[in-house]
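Structure data follow from query_0.txt (compact mmCIF, C-alpha atoms and all ligand atoms):
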```
# COMPACT_ATOMS: atom_id res chain seq x y z
CA MET Y 1 3.27 43.02 30.21
CA ASP Y 2 2.06 39.48 29.55
CA GLU Y 3 -1.72 39.73 28.92
CA LYS Y 4 -2.25 36.26 30.40
CA LEU Y 5 -0.96 37.48 33.74
CA LYS Y 6 -4.04 39.61 34.11
CA ASN Y 7 -5.19 36.32 35.57
CA PHE Y 8 -4.13 37.13 39.09
CA TYR Y 9 -4.03 33.59 40.39
CA GLU Y 10 -1.77 32.43 37.61
CA LEU Y 11 0.73 34.97 38.84
CA PHE Y 12 1.17 32.99 42.05
CA GLU Y 13 1.46 29.75 40.13
CA ARG Y 14 4.24 31.22 38.02
CA ARG Y 15 6.26 32.96 40.70
CA LYS Y 16 9.23 31.03 41.90
CA SER Y 17 12.63 31.88 43.24
CA VAL Y 18 14.98 32.57 40.35
CA ARG Y 19 18.71 32.23 40.88
CA GLU Y 20 20.03 32.43 37.31
CA PHE Y 21 19.52 35.55 35.21
CA GLN Y 22 20.03 36.63 31.60
CA ASP Y 23 22.66 39.27 30.90
CA ARG Y 24 19.98 41.85 30.10
CA VAL Y 25 19.17 45.13 31.82
CA ILE Y 26 15.80 45.99 33.32
CA GLU Y 27 14.44 48.91 31.31
CA PRO Y 28 13.99 52.12 33.38
CA ASP Y 29 10.19 52.24 32.88
CA VAL Y 30 9.84 48.66 34.12
CA LEU Y 31 12.03 49.36 37.14
CA GLU Y 32 10.03 52.51 37.86
CA ARG Y 33 6.79 50.49 37.90
CA LEU Y 34 8.34 48.09 40.40
CA LEU Y 35 9.55 50.89 42.65
CA MET Y 36 6.07 52.42 42.62
CA THR Y 37 4.67 49.21 44.12
CA LEU Y 38 7.05 49.69 47.06
CA ARG Y 39 5.78 53.21 47.55
CA ARG Y 40 2.11 52.21 47.33
CA ALA Y 41 2.23 49.20 49.64
CA GLN Y 42 0.11 48.99 52.74
CA SER Y 43 1.70 49.32 56.19
CA ALA Y 44 0.53 49.35 59.80
CA ALA Y 45 -0.95 52.80 60.56
CA ASN Y 46 0.49 53.85 57.17
CA ARG Y 47 3.86 54.45 58.82
CA GLN Y 48 5.86 53.22 55.77
CA PRO Y 49 8.88 52.33 57.92
CA TRP Y 50 11.01 51.35 54.96
CA ARG Y 51 13.92 52.44 52.79
CA PHE Y 52 15.13 50.66 49.66
CA ILE Y 53 18.51 50.81 47.94
CA VAL Y 54 18.57 49.95 44.23
CA ILE Y 55 21.95 48.52 43.29
CA GLU Y 56 22.70 47.92 39.63
CA LYS Y 57 25.20 45.32 38.48
CA LYS Y 58 27.79 47.94 37.49
CA ASP Y 59 27.88 49.24 41.09
CA ARG Y 60 28.03 45.84 42.75
CA ALA Y 61 31.66 44.72 42.82
CA GLU Y 62 31.78 44.77 46.62
CA LEU Y 63 28.26 43.54 47.31
CA ASN Y 64 28.58 40.68 44.82
CA GLU Y 65 31.48 39.29 46.84
CA ALA Y 66 29.23 39.10 49.88
CA LEU Y 67 26.55 37.08 48.03
CA THR Y 68 26.30 33.40 48.80
CA LYS Y 69 25.22 32.16 45.36
CA GLU Y 70 27.09 32.80 42.13
CA GLY Y 71 23.86 33.24 40.14
CA PHE Y 72 22.77 36.27 42.17
CA ARG Y 73 25.85 38.16 40.98
CA GLY Y 74 24.41 38.20 37.47
CA ALA Y 75 21.15 39.90 38.48
CA PRO Y 76 20.88 43.29 36.75
CA VAL Y 77 19.33 44.78 39.88
CA ILE Y 78 19.46 43.93 43.56
CA ILE Y 79 17.25 45.86 45.94
CA ALA Y 80 18.25 46.09 49.59
CA ALA Y 81 15.05 46.26 51.62
CA CYS Y 82 15.62 48.04 54.92
CA ALA Y 83 13.47 48.59 57.96
CA GLU Y 84 13.36 51.84 59.92
CA PRO Y 85 11.99 50.50 63.24
CA LYS Y 86 11.77 53.95 64.82
CA GLU Y 87 9.11 54.92 62.28
CA ALA Y 88 7.04 51.75 62.67
CA TRP Y 89 3.76 51.15 64.41
CA ILE Y 90 4.11 49.19 67.65
CA ARG Y 91 1.33 46.93 68.96
CA LYS Y 92 0.94 48.11 72.53
CA PRO Y 93 0.01 44.95 74.51
CA ASP Y 94 3.04 42.93 73.40
CA LYS Y 95 5.22 45.77 72.01
CA VAL Y 96 5.63 44.05 68.65
CA ASN Y 97 7.32 46.40 66.19
CA TYR Y 98 5.76 46.04 62.73
CA ALA Y 99 8.70 47.35 60.68
CA TRP Y 100 9.74 43.95 59.28
CA VAL Y 101 6.13 42.99 58.56
CA ASP Y 102 5.62 46.21 56.61
CA VAL Y 103 8.85 45.85 54.65
CA THR Y 104 7.93 42.27 53.83
CA ILE Y 105 4.52 43.30 52.53
CA ALA Y 106 6.03 45.98 50.29
CA VAL Y 107 8.62 43.56 48.94
CA THR Y 108 6.01 40.86 48.33
CA GLU Y 109 3.87 43.27 46.34
CA MET Y 110 6.91 44.23 44.26
CA ILE Y 111 7.75 40.56 43.69
CA CYS Y 112 4.21 40.01 42.37
CA ALA Y 113 4.56 42.98 40.02
CA ALA Y 114 7.95 41.73 38.86
CA THR Y 115 6.42 38.32 38.11
CA ALA Y 116 3.69 40.01 36.07
CA GLU Y 117 6.43 41.76 34.08
CA GLY Y 118 8.01 38.36 33.35
CA LEU Y 119 10.92 39.09 35.68
CA GLY Y 120 12.40 36.57 38.09
CA THR Y 121 13.17 37.41 41.70
CA CYS Y 122 14.80 35.81 44.67
CA TRP Y 123 14.56 36.85 48.29
CA ILE Y 124 18.01 36.65 49.87
CA ALA Y 125 17.96 36.42 53.66
CA SER Y 126 21.16 34.44 53.94
CA LEU Y 127 23.65 37.26 54.30
CA GLU Y 128 25.96 38.81 56.86
CA PRO Y 129 24.00 41.87 58.00
CA ALA Y 130 26.99 43.77 59.43
CA ARG Y 131 29.04 43.24 56.28
CA VAL Y 132 26.21 44.19 53.91
CA LYS Y 133 25.36 47.26 55.99
CA GLU Y 134 28.96 48.39 55.80
CA ILE Y 135 29.21 47.86 52.05
CA LEU Y 136 25.97 49.77 51.45
CA ARG Y 137 26.74 52.46 54.07
CA ILE Y 138 23.53 51.71 55.95
CA PRO Y 139 23.50 53.71 59.20
CA ASP Y 140 22.98 52.36 62.72
CA GLY Y 141 19.35 51.90 63.66
CA ILE Y 142 18.37 50.79 60.16
CA GLU Y 143 17.93 47.04 59.73
CA ILE Y 144 18.54 45.07 56.58
CA VAL Y 145 15.58 42.76 56.02
CA ALA Y 146 16.53 41.27 52.67
CA LEU Y 147 18.32 41.62 49.40
CA ILE Y 148 16.03 41.00 46.45
CA ALA Y 149 17.67 39.85 43.23
CA ILE Y 150 15.65 40.85 40.16
CA GLY Y 151 16.24 40.10 36.50
CA TRP Y 152 15.14 38.34 33.37
CA PRO Y 153 15.17 34.63 34.23
CA LYS Y 154 17.38 32.24 32.28
CA GLU Y 155 14.40 29.88 32.17
CA GLU Y 156 11.00 31.38 31.41
CA LEU Y 157 8.52 31.40 34.31
CA LYS Y 158 5.68 28.97 33.79
CA LYS Y 159 2.79 27.48 35.73
CA GLU Y 160 4.28 24.93 38.11
CA GLU Y 161 3.27 22.69 40.98
CA LYS Y 162 5.04 23.65 44.18
CA ALA Y 163 6.39 21.50 46.98
CA ARG Y 164 4.10 22.69 49.75
CA LYS Y 165 2.44 21.36 52.90
CA PRO Y 166 -1.12 20.12 52.29
CA LEU Y 167 -3.93 22.56 53.04
CA GLU Y 168 -5.27 20.29 55.83
CA GLU Y 169 -1.98 20.70 57.67
CA ILE Y 170 -1.88 24.49 57.61
CA ILE Y 171 -5.53 25.60 57.82
CA ARG Y 172 -7.77 25.21 60.85
CA TYR Y 173 -11.35 26.39 61.06
CA GLY Y 174 -12.90 28.18 63.99
CA LYS Y 175 -10.18 27.54 66.57
CA TRP Y 176 -6.65 26.14 66.77
CA GLN Y 177 -8.00 23.19 68.77
CA GLY Y 178 -10.92 21.88 70.74
C1 LIG B 201 12.19 35.08 53.87
C2 LIG B 201 12.86 34.30 52.75
C3 LIG B 201 14.23 34.15 52.74
C4 LIG B 201 14.87 33.48 51.71
N1 LIG B 201 16.23 33.44 51.65
C5 LIG B 201 16.86 32.83 50.61
C6 LIG B 201 18.27 32.86 50.50
O1 LIG B 201 18.97 33.43 51.30
N2 LIG B 201 18.83 32.23 49.42
C7 LIG B 201 18.08 31.59 48.48
O2 LIG B 201 18.65 31.04 47.53
N3 LIG B 201 16.71 31.55 48.56
C8 LIG B 201 16.09 32.17 49.59
N4 LIG B 201 14.70 32.19 49.67
C9 LIG B 201 13.91 31.46 48.67
C10 LIG B 201 13.25 30.21 49.27
O3 LIG B 201 14.19 29.21 49.39
C11 LIG B 201 12.05 29.81 48.38
O4 LIG B 201 11.08 30.83 48.42
C12 LIG B 201 11.39 28.49 48.82
O5 LIG B 201 12.28 27.41 48.70
C13 LIG B 201 10.15 28.19 47.98
O6 LIG B 201 10.47 28.14 46.61
P1 LIG B 201 9.83 29.13 45.54
O7 LIG B 201 10.14 30.55 45.97
O8 LIG B 201 10.51 28.80 44.24
O9 LIG B 201 8.36 28.90 45.51
C14 LIG B 201 14.07 32.89 50.68
C15 LIG B 201 12.68 33.06 50.70
C16 LIG B 201 12.08 33.76 51.70
C17 LIG B 201 10.58 33.97 51.66
```

Same coordinates, now as structure tokens:
Amino acid sequence: MDEKLKNFYELFERRKSVREFQDRVIEPDVLERLLMTLRRAQSAANRQPWRFIVIEKKDRAELNEALTKEGFRGAPVIIAACAEPKEAWIRKPDKVNYAWVDVTIAVTEMICAATAEGLGTCWIASLEPARVKEILRIPDGIEIVALIAIGWPKEELKKEEKARKPLEEIIRYGKWQG
């Protein structure tokens, strides 16, 4: 673990979407630490409405063909993040099911941990859900939220300015308006 990344805020400055990976495996102890972050993540009413499939490169012939970007095929690990909506907490007044929110939180925490390990990640939402579900034998009723490519980045992660909306545009104080 990079000692400098004990500086929590620097972690967010370093994280970026990585789409080109070194041909290097993720050691089992590192992967185990990442998987533990998925287990420990917070979720609405602690329902943990998630399942994750870890797919190593050697088992990915079929899935790799379904990926939109060539670089993702080289990732040593891809994790399919799935939602189990039947297990999720539902907000009564508007019946919002929190499964996708919970899965997203767990994945985000894992992405932060991966960044701290020096690993690169990319969230892949652009996929054909039916095709990916078939390849991974995901049963009906389970939703695929994302594929997360993880691996050692071709270019080292470093502190970088990001193209983002200005704070004044996205933050309001007190009320939305008036
Ligand atoms: C929900 C979500 C879906 C995304 N889907 C894709 C994707 O399908 N393919 C891809 O190359 N990048 C994808 N990304 C990465 C975004 O393009 C990226 O986060 C954004 O451009 C900001 O860049 P940064 O992550 O390097 O800060 C996704 C990111 C998020 C959060």

For Y:Pro28, which of Y:Ala66, Y:Ile105, Y:Val77, Y:Cys82 is the closest residue, counting only C-alpha atoms?
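Counting only C-alpha atoms, the residue closest to Y:Pro28 is Y:Val77.
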
Surrounding residues as a PyMOL selection string, ligand LIG 201 (chain B), max 10 Å, only C-alpha atoms and all ligand atoms
chain Y and resi 12-19+67-69+71-72+104+108+121-127+145-149+160-164

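In this comparison, which uses all atoms listed in the file, the residue of Y:Ala83, Y:Ile150, Y:Cys112, Y:Leu38 approaching Y:Tyr9 most closely is Y:Cys112.
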
Find the spatial neighbours of stretch 135-141 of chain Y, counting all atoms listed in the file, within a cut-off of 9 Å - ignore same-chain residues fewer than 5 positions away - and output them as a PyMOL selection string.
chain Y and resi 53+62-63+80+82-86+130

Hey, which of Y:Ile142, Y:Ala81, Y:Val103, Y:Ala75 ends up closest to Y:Asn46? Count only C-alpha atoms.
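Among the listed residues, the smallest separation from Y:Asn46 belongs to Y:Val103.
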